[in-house]
Amino acid sequence: LSVAGRVLVVVPTYNERENVHPLLKELLAQGQNVDVWVADDGSPDGTAEAVREVVAEHPGRVDLLLRQEKGGRGAAVIAAFRKGLADPKAYAVFLEMDADFSHHPRELPKFLAKLETCDMVVGSRYVEGGGSSEWGFWRPLLSFLANKYIALVAGVPIRDTTSGFRAYRRAVLEETEFDRIRIRGYVVHGEMAYQAWVHGFRLGEVPIHFKNRARAASKLSGEEIYTALLNFALLRFRYGFRPRKR
């Protein structure tokens with residue numbers, strides 16, 4: 001893999017027992033410098049037990065962060081990133097991705113290659129070569145419109161701000177003000193991207209193919225959608241309108 005130093009992949013899970021074992025095997029196969037932490041939100045289906053089996057097979061390279069309450073994807077990833085920054089292995093690169101193979105481990109080298117010239121890399125469905133499948137009609141349309149809205153009100157130069165498949169150089173997370181993040185759930189990605197941009201880091205995208213999970217996704221409530229749209233509109237006022245020079 002093309003970036004020097006150790007790489008930490010954070011995988012948030014909730015009821016992913018079937019997927020997590022093959023996913024971890026594929027991630028570890030990407031390189032000897034890749035470690036994987038699974039942040040599980042207390043899954044009742046035995047996801048944690050499946051992860052422990054892989055931990056026993058690959059001590060030191062796989063870890064389980066067991067969370068007692070279901071706090072959502074964004075909170076799980078942030079908790080893992082904070083722990084990862086304090087880890088004595090001094091990880092150079094951090095990635096996050098879904099556990100259900102809607103994001104595929106074979107894409108990792110693409111992210112690491114892009115990090116040679118960028119500080120943060122987002123896996124994008126909306127750049128040339130990217131796309132999604134098995135999503136029906138309405139979900140891709142809503143996702144596309146949400147990303148257009150974020151670009152309009154926040155100005156982040158990324159086409160797929162809501163994507164949860166992304167990579168960060170260590171410095172980006174060291175400067176991320178986690179305690180200031182107000183947006184919750186999946187759309188926490190937008191606020192983290194805005195912080196990285198306003199802190200003057202170089203943002204980039206690589207094309208990914210997003211394959212929708214077979215089972216029903218969790219539904220966003222009207223209140224969550226309204227709160228997210230409002231918070232995105234306020235990002236410029238909270239953090240500043242333009243990136244600082246680095």
# chains A, B, ... in the order shown; residues from 1 in each chain; ligands from 1
call {"tool": "select_by_dssp", "arguments": {"residues": "segment 14-234 of chain A", "states": "strand (DSSP E or B)", "output": "VMD selection string"}}
result
chain A and resid 34 to 40 62 to 66 93 to 96 120 to 124 131 to 133 166 to 169 203 to 207 209 to 211
call {"tool": "write_last_selection", "arguments": {"atoms": "N, CA, C and O atoms", "output": "short mmCIF file (atom, residue, chain, number, x, y, z; two decimals), in the first residue's frame"}}
result
data_model
loop_
_atom_site.label_atom_id
_atom_site.label_comp_id
_atom_site.auth_asym_id
_atom_site.auth_seq_id
_atom_site.Cartn_x
_atom_site.Cartn_y
_atom_site.Cartn_z
N VAL A 34 -2.19 -2.75 7.83
CA VAL A 34 -3.60 -2.41 8.05
C VAL A 34 -4.12 -3.10 9.31
O VAL A 34 -4.06 -4.33 9.42
N ASP A 35 -4.64 -2.31 10.26
CA ASP A 35 -5.35 -2.83 11.43
C ASP A 35 -6.82 -2.46 11.29
O ASP A 35 -7.16 -1.48 10.62
N VAL A 36 -7.70 -3.22 11.95
CA VAL A 36 -9.14 -2.96 11.87
C VAL A 36 -9.74 -2.95 13.27
O VAL A 36 -9.51 -3.87 14.05
N TRP A 37 -10.49 -1.90 13.56
CA TRP A 37 -11.26 -1.83 14.80
C TRP A 37 -12.74 -1.83 14.46
O TRP A 37 -13.19 -1.04 13.62
N VAL A 38 -13.48 -2.70 15.11
CA VAL A 38 -14.93 -2.76 14.93
C VAL A 38 -15.58 -2.06 16.12
O VAL A 38 -15.36 -2.45 17.27
N ALA A 39 -16.36 -1.02 15.84
CA ALA A 39 -17.08 -0.29 16.89
C ALA A 39 -18.53 -0.76 16.87
O ALA A 39 -19.31 -0.36 16.00
N ASP A 40 -18.87 -1.67 17.79
CA ASP A 40 -20.19 -2.28 17.78
C ASP A 40 -21.12 -1.64 18.80
O ASP A 40 -20.77 -1.51 19.97
N VAL A 62 -6.69 -6.75 14.97
CA VAL A 62 -8.14 -6.54 15.02
C VAL A 62 -8.52 -6.28 16.47
O VAL A 62 -8.01 -6.92 17.37
N ASP A 63 -9.43 -5.32 16.67
CA ASP A 63 -9.89 -5.03 18.03
C ASP A 63 -11.39 -4.77 17.99
O ASP A 63 -11.94 -4.38 16.95
N LEU A 64 -12.02 -4.98 19.12
CA LEU A 64 -13.46 -4.76 19.26
C LEU A 64 -13.69 -3.64 20.27
O LEU A 64 -13.22 -3.73 21.41
N LEU A 65 -14.39 -2.60 19.85
CA LEU A 65 -14.79 -1.53 20.76
C LEU A 65 -16.28 -1.71 21.00
O LEU A 65 -17.11 -1.40 20.14
N LEU A 66 -16.62 -2.25 22.17
CA LEU A 66 -18.02 -2.58 22.45
C LEU A 66 -18.69 -1.40 23.15
O LEU A 66 -18.25 -0.96 24.21
N VAL A 93 -2.78 6.91 9.03
CA VAL A 93 -3.98 7.05 8.20
C VAL A 93 -5.15 6.37 8.90
O VAL A 93 -4.99 5.30 9.49
N PHE A 94 -6.33 7.01 8.83
CA PHE A 94 -7.55 6.46 9.39
C PHE A 94 -8.59 6.35 8.27
O PHE A 94 -8.75 7.29 7.48
N LEU A 95 -9.29 5.22 8.22
CA LEU A 95 -10.40 5.07 7.29
C LEU A 95 -11.64 4.68 8.06
O LEU A 95 -11.57 4.11 9.15
N GLU A 96 -12.81 4.97 7.45
CA GLU A 96 -14.06 4.44 7.97
C GLU A 96 -14.87 3.90 6.80
O GLU A 96 -14.76 4.39 5.67
N MET A 120 -7.59 14.39 2.95
CA MET A 120 -8.82 13.66 3.24
C MET A 120 -9.41 13.21 1.92
O MET A 120 -9.47 13.99 0.96
N VAL A 121 -9.83 11.95 1.83
CA VAL A 121 -10.35 11.39 0.58
C VAL A 121 -11.72 10.76 0.83
O VAL A 121 -11.87 9.95 1.75
N VAL A 122 -12.69 11.15 0.02
CA VAL A 122 -14.05 10.64 0.14
C VAL A 122 -14.33 9.70 -1.02
O VAL A 122 -14.02 10.01 -2.17
N GLY A 123 -14.91 8.54 -0.71
CA GLY A 123 -15.37 7.63 -1.76
C GLY A 123 -16.68 8.14 -2.32
O GLY A 123 -17.67 8.26 -1.59
N SER A 124 -16.69 8.49 -3.60
CA SER A 124 -17.81 9.23 -4.17
C SER A 124 -18.59 8.42 -5.21
O SER A 124 -18.01 7.80 -6.09
N GLY A 131 -20.81 5.17 -8.70
CA GLY A 131 -22.23 4.89 -8.91
C GLY A 131 -22.81 4.09 -7.76
O GLY A 131 -22.15 3.84 -6.75
N SER A 132 -24.07 3.71 -7.90
CA SER A 132 -24.74 2.90 -6.89
C SER A 132 -25.69 1.95 -7.57
O SER A 132 -26.09 2.17 -8.72
N SER A 133 -26.06 0.88 -6.86
CA SER A 133 -26.99 -0.09 -7.43
C SER A 133 -27.92 -0.62 -6.35
O SER A 133 -27.65 -0.50 -5.16
N ARG A 166 -14.42 6.80 3.64
CA ARG A 166 -13.48 7.91 3.54
C ARG A 166 -12.19 7.63 4.29
O ARG A 166 -12.14 6.77 5.15
N ALA A 167 -11.16 8.39 3.94
CA ALA A 167 -9.84 8.22 4.54
C ALA A 167 -9.30 9.58 4.96
O ALA A 167 -9.55 10.59 4.30
N TYR A 168 -8.56 9.59 6.06
CA TYR A 168 -7.99 10.81 6.61
C TYR A 168 -6.51 10.61 6.92
O TYR A 168 -6.13 9.58 7.49
N ARG A 169 -5.70 11.60 6.59
CA ARG A 169 -4.37 11.65 7.18
C ARG A 169 -4.52 12.00 8.66
O ARG A 169 -5.46 12.70 9.05
N LEU A 203 -8.90 18.34 0.13
CA LEU A 203 -9.93 17.31 0.03
C LEU A 203 -9.94 16.72 -1.37
O LEU A 203 -9.76 17.44 -2.36
N GLY A 204 -10.13 15.40 -1.45
CA GLY A 204 -10.19 14.74 -2.75
C GLY A 204 -11.26 13.66 -2.75
O GLY A 204 -11.78 13.28 -1.69
N GLU A 205 -11.59 13.16 -3.94
CA GLU A 205 -12.57 12.08 -4.08
C GLU A 205 -12.03 10.98 -4.99
O GLU A 205 -11.26 11.25 -5.91
N VAL A 206 -12.43 9.76 -4.72
CA VAL A 206 -12.17 8.64 -5.62
C VAL A 206 -13.52 7.98 -5.93
O VAL A 206 -14.41 7.97 -5.07
N PRO A 207 -13.69 7.45 -7.13
CA PRO A 207 -14.97 6.82 -7.46
C PRO A 207 -15.15 5.50 -6.73
O PRO A 207 -14.21 4.70 -6.62
N HIS A 209 -18.27 2.24 -6.11
CA HIS A 209 -19.60 1.72 -6.44
C HIS A 209 -20.26 1.30 -5.15
O HIS A 209 -19.76 0.44 -4.43
N PHE A 210 -21.36 1.96 -4.83
CA PHE A 210 -22.08 1.68 -3.59
C PHE A 210 -23.20 0.69 -3.91
O PHE A 210 -24.09 0.98 -4.70
N LYS A 211 -23.10 -0.51 -3.31
CA LYS A 211 -24.15 -1.51 -3.50
C LYS A 211 -25.03 -1.51 -2.27
O LYS A 211 -24.57 -1.78 -1.16
#
call {"tool": "select_by_dssp", "arguments": {"residues": "segment 52-239 of chain A", "states": "helix (DSSP H, G or I)", "output": "PyMOL selection string"}}
result
chain A and resi 52-57+73-86+105-114+138-154+170-175+178-180+185-198+222-239
call {"tool": "write_last_selection", "arguments": {"atoms": "C-alpha atoms", "output": "PDB file, in the first residue's frame"}}
result
ATOM      1  CA  ARG A  52     -13.766 -11.876  18.925  1.00  0.00           C
ATOM      2  CA  GLU A  53     -13.106 -14.987  16.812  1.00  0.00           C
ATOM      3  CA  VAL A  54     -11.089 -12.887  14.346  1.00  0.00           C
ATOM      4  CA  VAL A  55      -9.333 -11.044  17.202  1.00  0.00           C
ATOM      5  CA  ALA A  56      -8.139 -14.436  18.498  1.00  0.00           C
ATOM      6  CA  GLU A  57      -6.848 -15.356  15.016  1.00  0.00           C
ATOM      7  CA  ARG A  73     -22.854   5.444  13.315  1.00  0.00           C
ATOM      8  CA  GLY A  74     -21.360   8.911  13.706  1.00  0.00           C
ATOM      9  CA  ALA A  75     -20.883   8.616  17.472  1.00  0.00           C
ATOM     10  CA  ALA A  76     -19.314   5.139  17.129  1.00  0.00           C
ATOM     11  CA  VAL A  77     -16.792   6.310  14.523  1.00  0.00           C
ATOM     12  CA  ILE A  78     -15.860   9.449  16.477  1.00  0.00           C
ATOM     13  CA  ALA A  79     -15.257   7.398  19.653  1.00  0.00           C
ATOM     14  CA  ALA A  80     -13.009   5.004  17.693  1.00  0.00           C
ATOM     15  CA  PHE A  81     -11.083   7.854  16.044  1.00  0.00           C
ATOM     16  CA  ARG A  82     -10.403   9.506  19.407  1.00  0.00           C
ATOM     17  CA  LYS A  83      -9.139   6.211  20.833  1.00  0.00           C
ATOM     18  CA  GLY A  84      -7.091   5.583  17.687  1.00  0.00           C
ATOM     19  CA  LEU A  85      -5.364   8.960  17.928  1.00  0.00           C
ATOM     20  CA  ALA A  86      -4.222   8.091  21.461  1.00  0.00           C
ATOM     21  CA  PRO A 105     -12.281  -3.585   1.008  1.00  0.00           C
ATOM     22  CA  ARG A 106     -10.643  -3.921  -2.440  1.00  0.00           C
ATOM     23  CA  GLU A 107     -11.119  -0.133  -2.848  1.00  0.00           C
ATOM     24  CA  LEU A 108      -8.613   0.651  -0.054  1.00  0.00           C
ATOM     25  CA  PRO A 109      -5.507   1.026  -2.268  1.00  0.00           C
ATOM     26  CA  LYS A 110      -7.347   3.669  -4.320  1.00  0.00           C
ATOM     27  CA  PHE A 111      -7.898   5.787  -1.186  1.00  0.00           C
ATOM     28  CA  LEU A 112      -4.304   5.413  -0.010  1.00  0.00           C
ATOM     29  CA  ALA A 113      -2.932   6.358  -3.432  1.00  0.00           C
ATOM     30  CA  LYS A 114      -5.104   9.511  -3.443  1.00  0.00           C
ATOM     31  CA  TRP A 138     -36.184   7.619  -4.560  1.00  0.00           C
ATOM     32  CA  ARG A 139     -33.134   6.993  -2.335  1.00  0.00           C
ATOM     33  CA  PRO A 140     -30.491   7.854  -4.951  1.00  0.00           C
ATOM     34  CA  LEU A 141     -32.504  10.923  -5.943  1.00  0.00           C
ATOM     35  CA  LEU A 142     -32.772  12.101  -2.312  1.00  0.00           C
ATOM     36  CA  SER A 143     -29.070  11.419  -1.742  1.00  0.00           C
ATOM     37  CA  PHE A 144     -28.119  13.357  -4.861  1.00  0.00           C
ATOM     38  CA  LEU A 145     -30.330  16.318  -3.888  1.00  0.00           C
ATOM     39  CA  ALA A 146     -28.984  16.285  -0.302  1.00  0.00           C
ATOM     40  CA  ASN A 147     -25.416  16.507  -1.594  1.00  0.00           C
ATOM     41  CA  LYS A 148     -26.338  19.330  -3.982  1.00  0.00           C
ATOM     42  CA  TYR A 149     -27.944  21.190  -1.054  1.00  0.00           C
ATOM     43  CA  ILE A 150     -24.845  20.746   1.152  1.00  0.00           C
ATOM     44  CA  ALA A 151     -22.598  21.998  -1.664  1.00  0.00           C
ATOM     45  CA  LEU A 152     -24.843  25.034  -2.093  1.00  0.00           C
ATOM     46  CA  VAL A 153     -25.191  26.077   1.564  1.00  0.00           C
ATOM     47  CA  ALA A 154     -21.773  24.956   2.868  1.00  0.00           C
ATOM     48  CA  ARG A 170      -3.664  11.768  10.916  1.00  0.00           C
ATOM     49  CA  ALA A 171      -3.260  15.559  10.959  1.00  0.00           C
ATOM     50  CA  VAL A 172      -6.870  16.065   9.802  1.00  0.00           C
ATOM     51  CA  LEU A 173      -8.306  14.173  12.771  1.00  0.00           C
ATOM     52  CA  GLU A 174      -5.823  15.784  15.180  1.00  0.00           C
ATOM     53  CA  GLU A 175      -7.316  19.171  14.228  1.00  0.00           C
ATOM     54  CA  PHE A 178     -15.080  16.554  17.770  1.00  0.00           C
ATOM     55  CA  ASP A 179     -16.859  18.251  20.672  1.00  0.00           C
ATOM     56  CA  ARG A 180     -18.214  20.949  18.334  1.00  0.00           C
ATOM     57  CA  GLY A 185     -26.092  10.033  12.605  1.00  0.00           C
ATOM     58  CA  TYR A 186     -24.880   9.436   9.070  1.00  0.00           C
ATOM     59  CA  VAL A 187     -24.706  13.128   8.152  1.00  0.00           C
ATOM     60  CA  VAL A 188     -21.970  13.762  10.728  1.00  0.00           C
ATOM     61  CA  HIS A 189     -19.721  13.171   7.672  1.00  0.00           C
ATOM     62  CA  GLY A 190     -20.728  16.534   6.254  1.00  0.00           C
ATOM     63  CA  GLU A 191     -19.664  18.457   9.345  1.00  0.00           C
ATOM     64  CA  MET A 192     -16.345  16.585   9.555  1.00  0.00           C
ATOM     65  CA  ALA A 193     -15.665  17.373   5.882  1.00  0.00           C
ATOM     66  CA  TYR A 194     -16.498  21.048   6.490  1.00  0.00           C
ATOM     67  CA  GLN A 195     -14.089  21.222   9.424  1.00  0.00           C
ATOM     68  CA  ALA A 196     -11.305  19.622   7.348  1.00  0.00           C
ATOM     69  CA  TRP A 197     -11.946  22.066   4.484  1.00  0.00           C
ATOM     70  CA  VAL A 198     -12.103  25.168   6.710  1.00  0.00           C
ATOM     71  CA  GLY A 222     -38.569  14.105   9.614  1.00  0.00           C
ATOM     72  CA  GLU A 223     -37.070  15.849  12.640  1.00  0.00           C
ATOM     73  CA  GLU A 224     -33.601  14.388  11.945  1.00  0.00           C
ATOM     74  CA  ILE A 225     -33.760  15.514   8.313  1.00  0.00           C
ATOM     75  CA  TYR A 226     -34.911  19.023   9.280  1.00  0.00           C
ATOM     76  CA  THR A 227     -32.200  19.343  11.965  1.00  0.00           C
ATOM     77  CA  ALA A 228     -29.511  18.157   9.537  1.00  0.00           C
ATOM     78  CA  LEU A 229     -30.590  20.599   6.807  1.00  0.00           C
ATOM     79  CA  LEU A 230     -30.614  23.471   9.303  1.00  0.00           C
ATOM     80  CA  ASN A 231     -27.210  22.575  10.739  1.00  0.00           C
ATOM     81  CA  PHE A 232     -25.626  22.330   7.278  1.00  0.00           C
ATOM     82  CA  ALA A 233     -26.939  25.817   6.499  1.00  0.00           C
ATOM     83  CA  LEU A 234     -25.284  27.114   9.706  1.00  0.00           C
ATOM     84  CA  LEU A 235     -21.831  25.543   9.171  1.00  0.00           C
ATOM     85  CA  ARG A 236     -20.380  28.645   7.500  1.00  0.00           C
ATOM     86  CA  PHE A 237     -21.515  30.840  10.402  1.00  0.00           C
ATOM     87  CA  ARG A 238     -20.188  28.417  13.032  1.00  0.00           C
ATOM     88  CA  TYR A 239     -16.772  27.680  11.504  1.00  0.00           C
TER      89      TYR A 239
END
call {"tool": "residues_around", "arguments": {"residues": "Gly46 of chain A", "least_positions_apart": "4", "cutoff": "12 Å", "atoms": "only C-alpha atoms", "output": "JSON, numbers by chain"}}
result
{"A": [13, 14, 15, 16, 17, 18, 19, 20, 21, 40, 41, 42, 50, 51, 52, 53, 66]}
call {"tool": "write_last_selection", "arguments": {"atoms": "N, CA and C atoms", "output": "PDB file, in the first residue's frame"}}
result
ATOM      1  N   THR A  13     -20.613  -1.148  13.523  1.00  0.00           N
ATOM      2  CA  THR A  13     -21.527  -2.262  13.253  1.00  0.00           C
ATOM      3  C   THR A  13     -22.756  -2.215  14.145  1.00  0.00           C
ATOM      4  N   TYR A  14     -23.842  -2.730  13.593  1.00  0.00           N
ATOM      5  CA  TYR A  14     -25.046  -3.054  14.364  1.00  0.00           C
ATOM      6  C   TYR A  14     -25.737  -4.195  13.627  1.00  0.00           C
ATOM      7  N   ASN A  15     -25.748  -5.357  14.251  1.00  0.00           N
ATOM      8  CA  ASN A  15     -26.320  -6.571  13.657  1.00  0.00           C
ATOM      9  C   ASN A  15     -25.679  -6.912  12.308  1.00  0.00           C
ATOM     10  N   GLU A  16     -24.375  -7.160  12.339  1.00  0.00           N
ATOM     11  CA  GLU A  16     -23.628  -7.504  11.115  1.00  0.00           C
ATOM     12  C   GLU A  16     -22.887  -8.842  11.266  1.00  0.00           C
ATOM     13  N   ARG A  17     -23.443  -9.756  12.052  1.00  0.00           N
ATOM     14  CA  ARG A  17     -22.756 -11.017  12.339  1.00  0.00           C
ATOM     15  C   ARG A  17     -22.334 -11.756  11.064  1.00  0.00           C
ATOM     16  N   GLU A  18     -23.234 -11.809  10.077  1.00  0.00           N
ATOM     17  CA  GLU A  18     -22.952 -12.575   8.859  1.00  0.00           C
ATOM     18  C   GLU A  18     -21.804 -11.966   8.053  1.00  0.00           C
ATOM     19  N   ASN A  19     -21.724 -10.639   8.042  1.00  0.00           N
ATOM     20  CA  ASN A  19     -20.766  -9.961   7.170  1.00  0.00           C
ATOM     21  C   ASN A  19     -19.391  -9.760   7.791  1.00  0.00           C
ATOM     22  N   VAL A  20     -19.341  -9.640   9.117  1.00  0.00           N
ATOM     23  CA  VAL A  20     -18.144  -9.074   9.738  1.00  0.00           C
ATOM     24  C   VAL A  20     -16.917  -9.983   9.596  1.00  0.00           C
ATOM     25  N   HIS A  21     -17.095 -11.292   9.658  1.00  0.00           N
ATOM     26  CA  HIS A  21     -15.943 -12.200   9.545  1.00  0.00           C
ATOM     27  C   HIS A  21     -15.291 -12.105   8.158  1.00  0.00           C
ATOM     28  N   ASP A  40     -18.868  -1.666  17.788  1.00  0.00           N
ATOM     29  CA  ASP A  40     -20.195  -2.284  17.776  1.00  0.00           C
ATOM     30  C   ASP A  40     -21.117  -1.641  18.798  1.00  0.00           C
ATOM     31  N   ASP A  41     -22.306  -1.259  18.331  1.00  0.00           N
ATOM     32  CA  ASP A  41     -23.294  -0.583  19.179  1.00  0.00           C
ATOM     33  C   ASP A  41     -24.170  -1.590  19.938  1.00  0.00           C
ATOM     34  N   GLY A  42     -23.545  -2.575  20.599  1.00  0.00           N
ATOM     35  CA  GLY A  42     -24.304  -3.545  21.399  1.00  0.00           C
ATOM     36  C   GLY A  42     -25.253  -4.398  20.584  1.00  0.00           C
ATOM     37  N   ALA A  50     -18.569 -12.803  16.828  1.00  0.00           N
ATOM     38  CA  ALA A  50     -17.931 -13.062  15.531  1.00  0.00           C
ATOM     39  C   ALA A  50     -16.627 -12.274  15.410  1.00  0.00           C
ATOM     40  N   VAL A  51     -16.607 -11.034  15.923  1.00  0.00           N
ATOM     41  CA  VAL A  51     -15.386 -10.219  15.880  1.00  0.00           C
ATOM     42  C   VAL A  51     -14.319 -10.826  16.795  1.00  0.00           C
ATOM     43  N   ARG A  52     -14.731 -11.294  17.974  1.00  0.00           N
ATOM     44  CA  ARG A  52     -13.766 -11.876  18.925  1.00  0.00           C
ATOM     45  C   ARG A  52     -13.047 -13.083  18.322  1.00  0.00           C
ATOM     46  N   GLU A  53     -13.745 -13.842  17.476  1.00  0.00           N
ATOM     47  CA  GLU A  53     -13.106 -14.987  16.812  1.00  0.00           C
ATOM     48  C   GLU A  53     -11.942 -14.515  15.935  1.00  0.00           C
ATOM     49  N   LEU A  66     -16.622  -2.245  22.168  1.00  0.00           N
ATOM     50  CA  LEU A  66     -18.020  -2.578  22.448  1.00  0.00           C
ATOM     51  C   LEU A  66     -18.688  -1.399  23.147  1.00  0.00           C
TER      52      LEU A  66
END
call {"tool": "atom_distance", "arguments": {"atom1": "atom CA of Pro243 of chain A", "atom2": "atom CA of Arg202 of chain A"}}
result
10.0 Å
call {"tool": "closest_residue", "arguments": {"among": "A:Gly5, A:Pro22, A:Gly200, A:Gly130", "to": "Val156 of chain A", "atoms": "only C-alpha atoms"}}
result
A:Gly200
